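Written out below as structure tokens is the structure these notes cover.
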Amino acid sequence: MPTWTMHCGDALTVLHTLPTNSADAAITDPPYNSGGLTAAQRTSDTARGKYVSGDAQHQLPDFDGDSRDQRGYLAWLNLVLGQCYRIARAGGPLLVFTDWRQLPITSDAIQAAGWTWRGIVPWHKPIARPARGGFRRSCEYVLWASKGRVDADRNPVYLDGLLSASQPRGTKRRHITQKPDELMRDLVQICPPGGTILDPFAGSGSTGTAALATGRSFVGIELSARYAAVAEDRLRLTQEDFTLVPEGE
Ligand SMILES: C[S@@+](CC[C@H](N)C(=O)[O-])C[C@H]1O[C@@H](n2cnc3c(N)ncnc32)[C@H](O)[C@@H]1O
């Protein structure tokens, strides 16, 4: 049966305690350290101020770690992804979310940490706002890499290179930058069936719930105690849902 563990703490601190070669994939959605048109705006505003539009119908908590400048972000993400590289098994995949501003620096951090960069999967958001005088920014991006040669014999999948899904709404929305369940269930297919997925920026646990729902195990880390509790709640409910044996079987 798939298992899960949530650590509440700083990603770099906790990652150092995890065993080498113990994860089959790393799938993560770091604080983008993006938003704003100038460096000053990016480093002075909060995550909520940058990523939640004024008409959003929720008052979910803010999170820390989103005010690094470009050089700081590159250095820090490189350290985190370097630890993920150590913890991943040979041939294991890495997926990292980013937006259009941080795409170049994220690909640099991935490669500086030792991963082999393999491609980009755009995540299309059907309900993005129009941009007056320009193009609608309706995509975020998932960068795909591997620890050396891809082990296609272990996971012989053929996955779509463009995914479309809307962010959860109403009571299903538990985090300000929560990723859609259907998107995460598509992405976790990159991990061999029955494998263990590591997410050092778990937020509300979307990677973990997709892992459990598809028969994979999960190790998550989250700095915010409030969001770590949300992740634990969602993971517990998902595990209950997927271990219930219907009556009569
Ligand atoms: C973009 S959000 C992840 C959202 C998640 N994918 C979801 O669907 O809920 C990034 C998360 O990283 C957390 N975070 C920020 N700095 C961190 C750190 N140093 N260590 C661990 N988590 C951190 C934030 O609290 C935030 O919840």
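By convention in this document, the chains of the structure tokens carry letters A, B, ... by their order, each chain's residues are numbered from 1, and ligands are numbered from 1 in the order they are shown.
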Distance filter 8 Å around ligand 1, atoms: only C-alpha atoms and all ligand atoms, out as a PDB file with N, CA, C and O atoms, in the first residue's frame:
ATOM      1  N   CYS A   8       7.361  19.061   8.454  1.00  0.00           N
ATOM      2  CA  CYS A   8       7.137  20.502   8.519  1.00  0.00           C
ATOM      3  C   CYS A   8       8.469  21.155   8.864  1.00  0.00           C
ATOM      4  O   CYS A   8       8.997  20.959   9.964  1.00  0.00           O
ATOM      5  N   GLY A   9       9.063  21.912   7.908  1.00  0.00           N
ATOM      6  CA  GLY A   9      10.350  22.547   8.160  1.00  0.00           C
ATOM      7  C   GLY A   9      10.913  23.112   6.871  1.00  0.00           C
ATOM      8  O   GLY A   9      10.265  23.087   5.815  1.00  0.00           O
ATOM      9  N   ASP A  10      12.150  23.600   6.957  1.00  0.00           N
ATOM     10  CA  ASP A  10      12.814  24.196   5.802  1.00  0.00           C
ATOM     11  C   ASP A  10      13.316  23.089   4.862  1.00  0.00           C
ATOM     12  O   ASP A  10      13.943  22.114   5.316  1.00  0.00           O
ATOM     13  N   ALA A  11      13.068  23.246   3.570  1.00  0.00           N
ATOM     14  CA  ALA A  11      13.395  22.205   2.593  1.00  0.00           C
ATOM     15  C   ALA A  11      14.866  21.779   2.683  1.00  0.00           C
ATOM     16  O   ALA A  11      15.168  20.581   2.783  1.00  0.00           O
ATOM     17  N   LEU A  12      15.767  22.758   2.675  1.00  0.00           N
ATOM     18  CA  LEU A  12      17.198  22.396   2.646  1.00  0.00           C
ATOM     19  C   LEU A  12      17.604  21.638   3.906  1.00  0.00           C
ATOM     20  O   LEU A  12      18.349  20.659   3.849  1.00  0.00           O
ATOM     21  N   THR A  28       8.122  19.058  -7.964  1.00  0.00           N
ATOM     22  CA  THR A  28       7.975  20.153  -7.009  1.00  0.00           C
ATOM     23  C   THR A  28       7.574  21.473  -7.656  1.00  0.00           C
ATOM     24  O   THR A  28       7.831  21.707  -8.839  1.00  0.00           O
ATOM     25  N   ASP A  29       6.982  22.308  -6.820  1.00  0.00           N
ATOM     26  CA  ASP A  29       6.422  23.592  -7.221  1.00  0.00           C
ATOM     27  C   ASP A  29       6.974  24.626  -6.241  1.00  0.00           C
ATOM     28  O   ASP A  29       6.309  24.997  -5.278  1.00  0.00           O
ATOM     29  N   PRO A  30       8.229  25.095  -6.476  1.00  0.00           N
ATOM     30  CA  PRO A  30       8.851  25.993  -5.491  1.00  0.00           C
ATOM     31  C   PRO A  30       8.177  27.357  -5.506  1.00  0.00           C
ATOM     32  O   PRO A  30       7.485  27.697  -6.471  1.00  0.00           O
ATOM     33  N   PRO A  31       8.404  28.173  -4.450  1.00  0.00           N
ATOM     34  CA  PRO A  31       7.986  29.569  -4.558  1.00  0.00           C
ATOM     35  C   PRO A  31       8.684  30.155  -5.778  1.00  0.00           C
ATOM     36  O   PRO A  31       9.905  30.046  -5.890  1.00  0.00           O
ATOM     37  N   TYR A  32       7.921  30.765  -6.704  1.00  0.00           N
ATOM     38  CA  TYR A  32       8.511  31.195  -7.980  1.00  0.00           C
ATOM     39  C   TYR A  32       9.458  32.391  -7.817  1.00  0.00           C
ATOM     40  O   TYR A  32      10.259  32.666  -8.681  1.00  0.00           O
ATOM     41  N   ASP A  62      -0.902  33.553   3.404  1.00  0.00           N
ATOM     42  CA  ASP A  62       0.292  33.860   2.611  1.00  0.00           C
ATOM     43  C   ASP A  62       1.352  32.784   2.861  1.00  0.00           C
ATOM     44  O   ASP A  62       1.172  31.918   3.708  1.00  0.00           O
ATOM     45  N   PHE A  63       2.464  32.797   2.125  1.00  0.00           N
ATOM     46  CA  PHE A  63       3.594  31.932   2.483  1.00  0.00           C
ATOM     47  C   PHE A  63       4.916  32.677   2.329  1.00  0.00           C
ATOM     48  O   PHE A  63       4.992  33.676   1.616  1.00  0.00           O
ATOM     49  N   ASP A  64       5.953  32.188   3.029  1.00  0.00           N
ATOM     50  CA  ASP A  64       7.283  32.817   3.023  1.00  0.00           C
ATOM     51  C   ASP A  64       8.139  32.277   1.877  1.00  0.00           C
ATOM     52  O   ASP A  64       7.785  31.290   1.236  1.00  0.00           O
ATOM     53  N   GLY A  65       9.296  32.893   1.692  1.00  0.00           N
ATOM     54  CA  GLY A  65      10.289  32.340   0.754  1.00  0.00           C
ATOM     55  C   GLY A  65      10.109  32.808  -0.670  1.00  0.00           C
ATOM     56  O   GLY A  65      10.626  32.172  -1.586  1.00  0.00           O
ATOM     57  N   ASP A  66       9.390  33.928  -0.874  1.00  0.00           N
ATOM     58  CA  ASP A  66       9.118  34.347  -2.252  1.00  0.00           C
ATOM     59  C   ASP A  66       9.696  35.727  -2.561  1.00  0.00           C
ATOM     60  O   ASP A  66       9.192  36.442  -3.412  1.00  0.00           O
ATOM     61  N   ARG A 174      -7.363  25.133  -1.238  1.00  0.00           N
ATOM     62  CA  ARG A 174      -6.809  25.148   0.123  1.00  0.00           C
ATOM     63  C   ARG A 174      -5.486  25.930   0.182  1.00  0.00           C
ATOM     64  O   ARG A 174      -4.906  26.085   1.241  1.00  0.00           O
ATOM     65  N   HIS A 175      -4.950  26.348  -0.985  1.00  0.00           N
ATOM     66  CA  HIS A 175      -3.632  27.014  -1.025  1.00  0.00           C
ATOM     67  C   HIS A 175      -3.680  28.087  -2.096  1.00  0.00           C
ATOM     68  O   HIS A 175      -4.325  27.900  -3.136  1.00  0.00           O
ATOM     69  N   ILE A 176      -2.955  29.206  -1.884  1.00  0.00           N
ATOM     70  CA  ILE A 176      -3.075  30.315  -2.847  1.00  0.00           C
ATOM     71  C   ILE A 176      -2.521  29.950  -4.220  1.00  0.00           C
ATOM     72  O   ILE A 176      -2.977  30.486  -5.219  1.00  0.00           O
ATOM     73  N   THR A 177      -1.544  29.043  -4.298  1.00  0.00           N
ATOM     74  CA  THR A 177      -1.020  28.660  -5.620  1.00  0.00           C
ATOM     75  C   THR A 177      -1.208  27.149  -5.852  1.00  0.00           C
ATOM     76  O   THR A 177      -0.332  26.489  -6.422  1.00  0.00           O
ATOM     77  N   GLN A 178      -2.344  26.645  -5.427  1.00  0.00           N
ATOM     78  CA  GLN A 178      -2.625  25.198  -5.513  1.00  0.00           C
ATOM     79  C   GLN A 178      -2.710  24.728  -6.970  1.00  0.00           C
ATOM     80  O   GLN A 178      -3.320  25.379  -7.812  1.00  0.00           O
ATOM     81  N   LYS A 179      -2.103  23.577  -7.237  1.00  0.00           N
ATOM     82  CA  LYS A 179      -2.135  23.011  -8.585  1.00  0.00           C
ATOM     83  C   LYS A 179      -3.325  22.041  -8.715  1.00  0.00           C
ATOM     84  O   LYS A 179      -3.691  21.368  -7.755  1.00  0.00           O
ATOM     85  N   PRO A 180      -3.921  21.965  -9.928  1.00  0.00           N
ATOM     86  CA  PRO A 180      -5.120  21.127 -10.110  1.00  0.00           C
ATOM     87  C   PRO A 180      -4.812  19.642  -9.938  1.00  0.00           C
ATOM     88  O   PRO A 180      -3.765  19.157 -10.387  1.00  0.00           O
ATOM     89  N   PRO A 200       9.804  18.806  -2.064  1.00  0.00           N
ATOM     90  CA  PRO A 200      10.307  19.635  -0.960  1.00  0.00           C
ATOM     91  C   PRO A 200       9.508  20.918  -0.720  1.00  0.00           C
ATOM     92  O   PRO A 200       9.786  21.623   0.247  1.00  0.00           O
ATOM     93  N   PHE A 201       8.540  21.248  -1.607  1.00  0.00           N
ATOM     94  CA  PHE A 201       7.690  22.434  -1.420  1.00  0.00           C
ATOM     95  C   PHE A 201       6.242  21.996  -1.568  1.00  0.00           C
ATOM     96  O   PHE A 201       5.543  22.357  -2.519  1.00  0.00           O
ATOM     97  N   ALA A 202       5.775  21.222  -0.595  1.00  0.00           N
ATOM     98  CA  ALA A 202       4.525  20.467  -0.766  1.00  0.00           C
ATOM     99  C   ALA A 202       3.277  21.345  -0.749  1.00  0.00           C
ATOM    100  O   ALA A 202       2.251  20.946  -1.292  1.00  0.00           O
ATOM    101  N   GLY A 203       3.321  22.536  -0.140  1.00  0.00           N
ATOM    102  CA  GLY A 203       2.112  23.370  -0.070  1.00  0.00           C
ATOM    103  C   GLY A 203       0.963  22.587   0.542  1.00  0.00           C
ATOM    104  O   GLY A 203       1.092  21.988   1.618  1.00  0.00           O
ATOM    105  N   SER A 204      -0.161  22.535  -0.183  1.00  0.00           N
ATOM    106  CA  SER A 204      -1.343  21.820   0.324  1.00  0.00           C
ATOM    107  C   SER A 204      -1.301  20.335  -0.021  1.00  0.00           C
ATOM    108  O   SER A 204      -2.308  19.639   0.157  1.00  0.00           O
ATOM    109  N   GLY A 205      -0.181  19.848  -0.556  1.00  0.00           N
ATOM    110  CA  GLY A 205      -0.009  18.402  -0.744  1.00  0.00           C
ATOM    111  C   GLY A 205      -0.524  17.863  -2.068  1.00  0.00           C
ATOM    112  O   GLY A 205      -0.778  16.654  -2.183  1.00  0.00           O
ATOM    113  N   SER A 206      -0.647  18.724  -3.100  1.00  0.00           N
ATOM    114  CA  SER A 206      -1.235  18.265  -4.376  1.00  0.00           C
ATOM    115  C   SER A 206      -0.409  17.164  -5.046  1.00  0.00           C
ATOM    116  O   SER A 206      -0.971  16.241  -5.641  1.00  0.00           O
ATOM    117  N   THR A 207       0.923  17.260  -4.976  1.00  0.00           N
ATOM    118  CA  THR A 207       1.752  16.181  -5.549  1.00  0.00           C
ATOM    119  C   THR A 207       1.473  14.886  -4.797  1.00  0.00           C
ATOM    120  O   THR A 207       1.347  13.811  -5.394  1.00  0.00           O
ATOM    121  N   ILE A 221       7.790  18.017   2.100  1.00  0.00           N
ATOM    122  CA  ILE A 221       8.335  18.985   3.069  1.00  0.00           C
ATOM    123  C   ILE A 221       7.588  20.297   2.847  1.00  0.00           C
ATOM    124  O   ILE A 221       7.363  20.688   1.692  1.00  0.00           O
ATOM    125  N   GLU A 222       7.209  20.967   3.936  1.00  0.00           N
ATOM    126  CA  GLU A 222       6.518  22.265   3.815  1.00  0.00           C
ATOM    127  C   GLU A 222       6.902  23.128   5.009  1.00  0.00           C
ATOM    128  O   GLU A 222       6.825  22.700   6.150  1.00  0.00           O
ATOM    129  N   LEU A 223       7.317  24.370   4.707  1.00  0.00           N
ATOM    130  CA  LEU A 223       7.784  25.289   5.747  1.00  0.00           C
ATOM    131  C   LEU A 223       6.637  25.814   6.619  1.00  0.00           C
ATOM    132  O   LEU A 223       6.779  25.927   7.840  1.00  0.00           O
ATOM    133  N   SER A 224       5.523  26.145   6.006  1.00  0.00           N
ATOM    134  CA  SER A 224       4.406  26.744   6.747  1.00  0.00           C
ATOM    135  C   SER A 224       3.658  25.662   7.526  1.00  0.00           C
ATOM    136  O   SER A 224       3.153  24.692   6.942  1.00  0.00           O
ATOM    137  N   TYR A 227       0.070  25.270   6.215  1.00  0.00           N
ATOM    138  CA  TYR A 227      -0.086  24.516   4.979  1.00  0.00           C
ATOM    139  C   TYR A 227       0.343  23.048   5.153  1.00  0.00           C
ATOM    140  O   TYR A 227      -0.224  22.162   4.511  1.00  0.00           O
ATOM    141  N   ALA A 228       1.311  22.797   6.033  1.00  0.00           N
ATOM    142  CA  ALA A 228       1.685  21.394   6.288  1.00  0.00           C
ATOM    143  C   ALA A 228       0.484  20.641   6.871  1.00  0.00           C
ATOM    144  O   ALA A 228       0.241  19.476   6.525  1.00  0.00           O
ATOM    145  N   ALA A 231      -1.896  19.894   4.074  1.00  0.00           N
ATOM    146  CA  ALA A 231      -1.385  18.763   3.277  1.00  0.00           C
ATOM    147  C   ALA A 231      -1.661  17.440   3.996  1.00  0.00           C
ATOM    148  O   ALA A 231      -2.144  16.479   3.379  1.00  0.00           O
TER     149      ALA A 231
END
What are the closest atom pairs, with distances in Å to one decimal, for all residues of stretch 83-151 of chain A lying within 6 Å of stretch 21-24 of chain A? Consider only C-alpha atoms, order rows by chain and residue number, and present the result as CSV.
residue,atom,partner,partner_atom,distance
A:Ile87,CA,A:Asn21,CA,4.7
A:Ala88,CA,A:Ala23,CA,4.7
A:Arg89,CA,A:Asn21,CA,4.4
A:Gly92,CA,A:Asp24,CA,5.4
Nearest residue to A:Gly170 from the set A:Trp4, A:Ser34, A:Ala39, A:Leu60 (distances using only C-alpha atoms):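 Closest residue, counting only C-alpha atoms: A:Leu60.
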I need the residues of stretch 142-239 of chain A that end up classed as strand (DSSP E or B) by DSSP on the backbone, written out as a compact mmCIF listing (two decimals) with C-alpha atoms, in the first residue's frame.
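states_20.txt was written with the following content:
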# COMPACT_ATOMS: atom_id res chain seq x y z
CA VAL A 142 6.86 22.27 -15.92
CA LEU A 143 10.55 21.68 -16.58
CA TRP A 144 11.44 18.02 -17.00
CA ALA A 145 14.88 16.55 -16.25
CA SER A 146 16.43 13.22 -15.28
CA LEU A 163 -1.59 19.75 -20.26
CA SER A 164 -4.67 21.88 -19.62
CA THR A 196 8.16 7.12 -4.13
CA ILE A 197 7.81 10.81 -5.06
CA LEU A 198 9.65 13.58 -3.18
CA ASP A 199 8.25 17.16 -3.04
CA SER A 217 4.20 6.77 -2.13
CA PHE A 218 5.03 10.33 -1.07
CA VAL A 219 7.56 12.26 1.00
CA GLY A 220 6.75 15.96 1.38
CA ILE A 221 8.33 18.99 3.07
CA GLU A 222 6.52 22.27 3.82
Could you give me the residues within stretch 53-219 of chain A that DSSP places in alpha helix (DSSP H), as number ranges by chain? A: 70-87, 103-112, 181-187, 206-213
Residue nearest A:Val96 among A:Thr171, A:Thr17, A:Ala26, A:Asp241 (counting only C-alpha atoms):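 Once distances to A:Val96 are computed over only C-alpha atoms, the minimum belongs to A:Ala26.
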Which residue gives the smallest distance to A:Trp117 among A:Pro156, A:Gly148, A:Pro193, A:Gly35, with only C-alpha atoms counted?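 Answer, going by the shortest atom-to-atom distance: A:Gly148.
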Need to verify the contact set: A:Ile120, 12 Å, only C-alpha atoms, exclusion of same-chain residues closer than 6 positions in sequence. Can you return it as a PyMOL selection string? chain A and resi 94-100+103-104+106-107+139-145+160-163
